[in-house]
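A.B. asks: Contents of run-v8.txt (compact mmCIF, C-alpha atoms) are given next:
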# COMPACT_ATOMS: atom_id res chain seq x y z
CA ALA A 1 3.63 -85.77 17.89
CA GLN A 2 1.99 -83.80 20.65
CA SER A 3 -1.72 -84.11 21.31
CA VAL A 4 -4.10 -82.56 23.81
CA THR A 5 -7.42 -84.03 24.89
CA GLN A 6 -10.01 -82.04 26.76
CA LEU A 7 -12.66 -84.31 28.18
CA GLY A 8 -16.10 -82.80 27.68
CA SER A 9 -16.78 -80.15 25.08
CA HIS A 10 -19.45 -78.63 27.34
CA VAL A 11 -19.60 -78.36 31.13
CA SER A 12 -22.49 -76.92 33.12
CA VAL A 13 -21.96 -75.82 36.72
CA SER A 14 -24.05 -73.96 39.24
CA GLU A 15 -22.90 -70.62 40.53
CA GLY A 16 -20.77 -71.25 43.61
CA ALA A 17 -19.96 -74.82 42.67
CA LEU A 18 -16.57 -76.30 41.84
CA VAL A 19 -15.34 -75.91 38.28
CA LEU A 20 -13.21 -78.82 37.03
CA LEU A 21 -11.97 -78.91 33.45
CA ARG A 22 -9.88 -81.87 32.37
CA CYS A 23 -6.85 -81.82 30.13
CA ASN A 24 -4.61 -84.73 29.20
CA TYR A 25 -1.63 -84.41 26.94
CA SER A 26 0.87 -86.60 25.20
CA SER A 27 4.40 -85.40 24.92
CA SER A 28 7.65 -87.27 24.73
CA VAL A 29 9.58 -84.48 26.41
CA PRO A 30 8.87 -82.32 29.48
CA PRO A 31 6.09 -80.00 28.46
CA TYR A 32 5.07 -76.43 28.90
CA LEU A 33 1.34 -76.34 29.53
CA PHE A 34 -1.15 -73.51 29.22
CA TRP A 35 -4.76 -72.78 29.91
CA TYR A 36 -6.36 -70.03 27.86
CA VAL A 37 -9.88 -68.62 28.21
CA GLN A 38 -12.02 -67.14 25.46
CA TYR A 39 -14.93 -64.96 26.50
CA PRO A 40 -17.73 -64.37 23.99
CA ASN A 41 -16.66 -62.24 21.04
CA GLN A 42 -13.10 -62.00 22.29
CA GLY A 43 -9.74 -63.57 21.58
CA LEU A 44 -7.96 -66.03 23.84
CA GLN A 45 -6.43 -64.81 27.09
CA LEU A 46 -3.84 -66.64 29.19
CA LEU A 47 -5.18 -68.00 32.48
CA LEU A 48 -2.05 -69.74 33.65
CA LYS A 49 1.10 -71.49 32.50
CA TYR A 50 3.15 -74.43 33.78
CA THR A 51 6.89 -74.25 33.24
CA SER A 52 8.17 -76.96 35.62
CA ALA A 53 8.79 -74.58 38.53
CA ALA A 54 5.90 -75.88 40.65
CA THR A 55 3.28 -78.52 40.01
CA LEU A 56 0.42 -76.38 41.32
CA VAL A 57 0.02 -73.26 39.25
CA LYS A 58 -2.16 -70.35 40.24
CA GLY A 59 -3.68 -68.18 37.57
CA ILE A 60 -5.97 -65.24 37.21
CA ASN A 61 -9.59 -65.03 38.35
CA GLY A 62 -9.14 -67.68 41.06
CA PHE A 63 -8.23 -70.53 38.72
CA GLU A 64 -5.46 -73.00 39.34
CA ALA A 65 -4.15 -76.13 37.67
CA GLU A 66 -2.10 -79.08 38.85
CA PHE A 67 0.50 -80.80 36.72
CA LYS A 68 0.58 -84.56 37.28
CA LYS A 69 3.32 -86.18 35.29
CA SER A 70 2.28 -89.73 36.11
CA GLU A 71 -1.19 -89.05 34.75
CA THR A 72 -0.05 -86.71 31.95
CA SER A 73 -2.75 -84.37 33.11
CA PHE A 74 -3.12 -80.65 33.73
CA HIS A 75 -6.66 -80.19 35.03
CA LEU A 76 -8.03 -76.71 35.70
CA THR A 77 -10.09 -75.94 38.79
CA LYS A 78 -11.84 -73.08 40.52
CA PRO A 79 -13.45 -73.66 43.92
CA SER A 80 -16.49 -71.48 43.35
CA ALA A 81 -17.90 -70.65 39.93
CA HIS A 82 -19.05 -67.15 39.11
CA MET A 83 -21.38 -66.11 36.33
CA SER A 84 -18.48 -64.28 34.70
CA ASP A 85 -16.63 -67.60 34.28
CA ALA A 86 -18.94 -68.55 31.42
CA ALA A 87 -16.53 -68.90 28.52
CA GLU A 88 -14.60 -71.44 26.48
CA TYR A 89 -11.41 -72.83 27.95
CA PHE A 90 -8.50 -74.22 25.98
CA CYS A 91 -5.60 -76.34 27.16
CA ALA A 92 -2.40 -76.16 25.11
CA VAL A 93 1.00 -77.83 25.21
CA THR A 94 4.43 -77.20 23.80
CA SER A 95 7.81 -78.75 24.33
CA ALA A 96 10.78 -77.05 25.94
CA ALA A 97 12.11 -76.47 22.44
CA GLY A 98 8.99 -74.40 21.94
CA ASN A 99 8.65 -75.04 18.25
CA LYS A 100 5.00 -76.05 18.17
CA LEU A 101 1.94 -75.26 20.26
CA THR A 102 -0.91 -77.76 20.21
CA PHE A 103 -4.37 -76.79 21.43
CA GLY A 104 -7.10 -79.00 22.75
CA GLY A 105 -10.59 -78.84 21.32
CA GLY A 106 -11.87 -76.55 24.06
CA THR A 107 -14.48 -76.87 26.81
CA ARG A 108 -17.39 -74.47 26.93
CA VAL A 109 -18.49 -73.65 30.48
CA LEU A 110 -22.05 -72.65 31.26
CA VAL A 111 -22.73 -71.22 34.73
CA LYS A 112 -26.28 -71.57 36.01
CA PRO A 113 -27.64 -69.15 38.59
CA GLU B 1 -5.18 -48.67 21.20
CA THR B 2 -3.70 -51.38 23.36
CA GLY B 3 -2.96 -55.05 22.90
CA VAL B 4 -3.82 -56.71 19.62
CA THR B 5 -6.48 -55.26 17.37
CA GLN B 6 -8.13 -56.79 14.32
CA THR B 7 -10.26 -55.30 11.58
CA PRO B 8 -12.85 -55.87 10.38
CA ARG B 9 -14.58 -57.74 13.20
CA HIS B 10 -17.09 -59.27 10.79
CA LEU B 11 -16.79 -59.94 7.09
CA VAL B 12 -19.16 -61.50 4.60
CA MET B 13 -17.80 -62.22 1.16
CA GLY B 14 -18.65 -64.13 -1.93
CA MET B 15 -16.42 -66.83 -3.34
CA THR B 16 -15.13 -64.55 -6.07
CA ASN B 17 -14.34 -61.57 -3.86
CA LYS B 18 -10.93 -60.40 -2.71
CA LYS B 19 -10.64 -59.04 0.80
CA SER B 20 -7.98 -58.52 3.46
CA LEU B 21 -7.90 -58.97 7.20
CA LYS B 22 -5.73 -56.64 9.24
CA CYS B 23 -4.01 -57.19 12.55
CA GLU B 24 -2.00 -54.69 14.57
CA GLN B 25 -0.15 -55.27 17.81
CA HIS B 26 0.79 -52.45 20.16
CA LEU B 27 2.97 -54.57 22.44
CA GLY B 28 6.37 -54.32 20.81
CA HIS B 29 6.41 -58.04 20.08
CA ASN B 30 8.59 -59.72 17.46
CA ALA B 31 6.40 -62.65 16.48
CA MET B 32 2.91 -62.67 14.98
CA TYR B 33 0.54 -65.48 14.10
CA TRP B 34 -2.62 -66.24 12.17
CA TYR B 35 -4.96 -68.92 13.53
CA LYS B 36 -8.20 -70.35 12.18
CA GLN B 37 -10.90 -71.25 14.70
CA SER B 38 -13.67 -73.41 13.28
CA ALA B 39 -16.59 -74.87 15.17
CA LYS B 40 -15.86 -78.25 16.73
CA LYS B 41 -12.18 -78.21 15.67
CA PRO B 42 -9.04 -77.31 17.61
CA LEU B 43 -7.37 -74.03 16.91
CA GLU B 44 -5.34 -74.33 13.71
CA LEU B 45 -2.10 -72.42 13.30
CA MET B 46 -1.90 -71.02 9.76
CA PHE B 47 1.14 -68.75 9.57
CA VAL B 48 3.97 -67.58 11.81
CA TYR B 49 6.09 -64.49 11.30
CA SER B 50 9.20 -63.54 13.23
CA LEU B 51 10.69 -60.10 12.65
CA GLU B 52 8.62 -59.79 9.47
CA GLU B 53 9.87 -63.06 8.01
CA ARG B 54 7.54 -65.98 7.51
CA VAL B 55 8.86 -68.94 9.45
CA GLU B 56 5.99 -71.35 9.22
CA ASN B 57 3.20 -72.11 6.78
CA ASN B 58 1.14 -75.06 7.86
CA SER B 59 -0.04 -76.36 4.51
CA VAL B 60 -2.49 -73.54 4.07
CA PRO B 61 -4.19 -73.25 0.67
CA SER B 62 -2.81 -70.54 -1.58
CA ARG B 63 -6.12 -68.69 -1.53
CA PHE B 64 -4.84 -67.37 1.83
CA SER B 65 -1.88 -65.04 1.42
CA PRO B 66 -0.21 -63.45 4.47
CA GLU B 67 1.77 -60.26 4.51
CA CYS B 68 3.86 -58.76 7.29
CA PRO B 69 5.13 -55.32 6.27
CA ASN B 70 6.60 -54.59 9.72
CA SER B 71 6.69 -56.16 13.14
CA SER B 72 3.49 -54.42 14.24
CA HIS B 73 1.22 -55.27 11.32
CA LEU B 74 0.01 -58.51 9.82
CA PHE B 75 -2.42 -58.99 6.96
CA LEU B 76 -4.25 -61.97 5.58
CA HIS B 77 -5.28 -61.52 1.96
CA LEU B 78 -8.21 -63.64 0.85
CA HIS B 79 -9.31 -64.57 -2.66
CA THR B 80 -11.59 -67.17 -4.21
CA LEU B 81 -12.47 -68.62 -0.84
CA GLN B 82 -14.73 -71.59 -0.26
CA PRO B 83 -17.69 -71.85 2.13
CA GLU B 84 -15.65 -74.16 4.37
CA ASP B 85 -13.27 -71.26 4.97
CA SER B 86 -15.95 -69.60 7.07
CA ALA B 87 -14.49 -69.34 10.56
CA LEU B 88 -13.11 -67.00 13.17
CA TYR B 89 -9.64 -65.84 12.20
CA LEU B 90 -7.48 -64.92 15.15
CA CYS B 91 -4.28 -62.95 15.14
CA ALA B 92 -1.79 -63.28 17.98
CA SER B 93 1.60 -61.92 18.93
CA SER B 94 4.33 -62.88 21.37
CA PRO B 95 7.58 -61.34 22.60
CA GLY B 96 9.69 -63.95 20.85
CA LEU B 97 9.16 -66.81 18.48
CA ALA B 98 9.33 -69.70 20.96
CA PHE B 99 5.94 -71.20 21.68
CA THR B 100 6.86 -71.30 25.37
CA ASN B 101 5.99 -67.60 25.38
CA GLU B 102 2.52 -66.40 26.20
CA GLN B 103 0.60 -65.40 23.12
CA PHE B 104 -1.62 -62.34 23.09
CA PHE B 105 -4.69 -62.68 20.92
CA GLY B 106 -6.84 -60.19 19.11
CA PRO B 107 -10.64 -60.46 19.18
CA GLY B 108 -10.76 -62.10 15.77
CA THR B 109 -12.51 -61.54 12.46
CA ARG B 110 -15.67 -63.56 11.95
CA LEU B 111 -15.59 -64.53 8.26
CA THR B 112 -18.57 -65.86 6.37
CA VAL B 113 -18.10 -67.07 2.79
CA LEU B 114 -21.28 -67.31 0.78
Let me see the structure of the file written as structure tokens.

C.D. replies:
Amino acid sequence: AQSVTQLGSHVSVSEGALVLLRCNYSSSVPPYLFWYVQYPNQGLQLLLKYTSAATLVKGINGFEAEFKKSETSFHLTKPSAHMSDAAEYFCAVTSAAGNKLTFGGGTRVLVKP
Amino acid sequence: ETGVTQTPRHLVMGMTNKKSLKCEQHLGHNAMYWYKQSAKKPLELMFVYSLEERVENNSVPSRFSPECPNSSHLFLHLHTLQPEDSALYLCASSPGLAFTNEQFFGPGTRLTVL
């Protein structure tokens, strides 16, 4: 069975600082990996998606994530945090068969001025 | 209207009430989903519809009853709910059924059961 672990349910960063959100997954087959963002009072929105084309994936709003098979990780980063990045971030994984999508527990990001 | 819309945005109901949540997608997608988002728990998939047919029901209690009259509309009928059913209910859609597709989410209905 697939599982997704997001280390840290809350992360606090200063404006302009690096944002690093960790995601580790377990999957017995090559995965598809996603990062979604949920702004307050809104639904989830896709940030980026890994589909085995390239290990470094660039997404919207300056975010990117790197797939590391040896570490079964798909960590999300942004070089410089902005106040508008305050939101909850979810990592999700599915298999190539695409018959189940498993979400992590989410990481809430607080950006301090 | 664009994207995925949900109504109402907030709902308070007693345990004996009957209410319905509505979702509409304006994207021409073939698959629609209901998720439950509770505090401190991962997103839980409740129901999946593809071309108006239910293809997945993840052991959801019968007090939740989905309905998909066409590929653009999805309902969740609620009756005799419990306080632990209080949560944010999210609707999503995708072009096809495979979970490798991006899902487009509505803003959710915040449900409180008294």

A.B. asks: Counting all atoms listed in the file, which residues sit no farther than 7 Å from the position (-10.8, -78.2, 29.7) in the file's frame? I'd like them as a ChimeraX atom specification.

C.D. replies: /A:6-7,21-23,76,89-91,106-107

A.B. asks: Which residues of chain B have any atom within 10 Å of an atom in chain A when counting all atoms listed in the file, and what is the closest pair of atoms for each, with the distance in Å to one decimal? Order the rows by chain and rising number and write it as a tab-separated table.

C.D. replies:
residue	atom	partner	partner_atom	distance
B:Val4	CA	A:Gly43	CA	9.3
B:Thr5	CA	A:Gly43	CA	9.9
B:Arg9	CA	A:Asn41	CA	9.3
B:Ala39	CA	A:Gly105	CA	9.5
B:Lys40	CA	A:Gly105	CA	7.0
B:Lys41	CA	A:Gly105	CA	5.9
B:Pro42	CA	A:Gly105	CA	4.3
B:Leu43	CA	A:Phe103	CA	6.1
B:Glu44	CA	A:Phe103	CA	8.2
B:Leu45	CA	A:Leu101	CA	8.5
B:Leu88	CA	A:Gly43	CA	9.7
B:Tyr89	CA	A:Gly43	CA	9.7
B:Leu90	CA	A:Gly43	CA	6.9
B:Cys91	CA	A:Gly43	CA	8.5
B:Ala92	CA	A:Gly43	CA	8.7
B:Leu97	CA	A:Asn99	CA	8.2
B:Ala98	CA	A:Gly98	CA	4.8
B:Phe99	CA	A:Gly98	CA	4.4
B:Thr100	CA	A:Gly98	CA	5.1
B:Asn101	CA	A:Gly98	CA	8.2
B:Glu102	CA	A:Leu46	CA	7.0
B:Gln103	CA	A:Leu46	CA	7.6
B:Phe104	CA	A:Gln45	CA	6.7
B:Phe105	CA	A:Gly43	CA	5.2
B:Gly106	CA	A:Gly43	CA	5.1
B:Pro107	CA	A:Gly43	CA	4.0
B:Gly108	CA	A:Gly43	CA	6.1
B:Thr109	CA	A:Asn41	CA	9.6
B:Arg110	CA	A:Asn41	CA	9.2

A.B. asks: Rank nothing, just name the residue among A:Glu15, A:Glu71, A:Glu66, A:Glu88 nearest to Ala54 (chain A), using all atoms listed in the file.

C.D. replies: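 Nearest to Ala54 (chain A): A:Glu66.
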
A.B. asks: Once 6 Å is added on each side, what centre and edge lengths in Å to one decimal does the axis-aligned box around all listed atoms of region 48-66 of chain B have, as JSON?

C.D. replies:
{"center_x": 2.3, "center_y": -68.1, "center_z": 5.8, "size_x": 28.8, "size_y": 28.6, "size_z": 26.8}

A.B. asks: With all atoms listed in the file as the basis for distance, which of A:Ala53, A:Ala81, A:Leu110, A:Ala87 is at the shortest distance from Ala17 (chain A)?

C.D. replies: A:Ala81

A.B. asks: For Leu114 (chain B), work out the shell of residues within 10 Å, counting only C-alpha atoms and skipping chain neighbours fewer than 3 positions away, then give it as an NGL selection string.

C.D. replies: :B and (12-16 or 81-86 or 111)

A.B. asks: From the set A:Ser80, A:Ser52, A:Ser3, A:Ser73, which residue has the shortest atom-to-atom contact distance to Val19 (chain A), counting all atoms listed in the file?

C.D. replies: A:Ser80

A.B. asks: So how many Å separate CA of Pro69 (chain B) and CA of Met32 (chain B), to one decimal?

C.D. replies: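 Interatomic distance, CA of Pro69 (chain B) to CA of Met32 (chain B): 11.6 Å.
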
A.B. asks: I'd like the neighbourhood of region 48-64 of chain B as a ChimeraX atom specification, where a residue qualifies if any of its atoms comes within 10 Å (using all atoms listed in the file), though same-chain residues fewer than 5 positions away should be ignored.

C.D. replies: /B:18,20,29-35,69-74,76-82,85,92-98

A.B. asks: State, in Å with one decimal place, the distance from CA of Leu20 (chain A) to CA of Gln2 (chain A).

C.D. replies: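 Computed distance, CA of Leu20 (chain A) to CA of Gln2 (chain A), equals 22.9 Å.
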
A.B. asks: Quick one: distance from CA of Ser12 (chain A) to CA of Lys78 (chain A) in Å, one decimal?

C.D. replies: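 CA of Lys78 (chain A) lies at a distance of 13.5 Å from CA of Ser12 (chain A).
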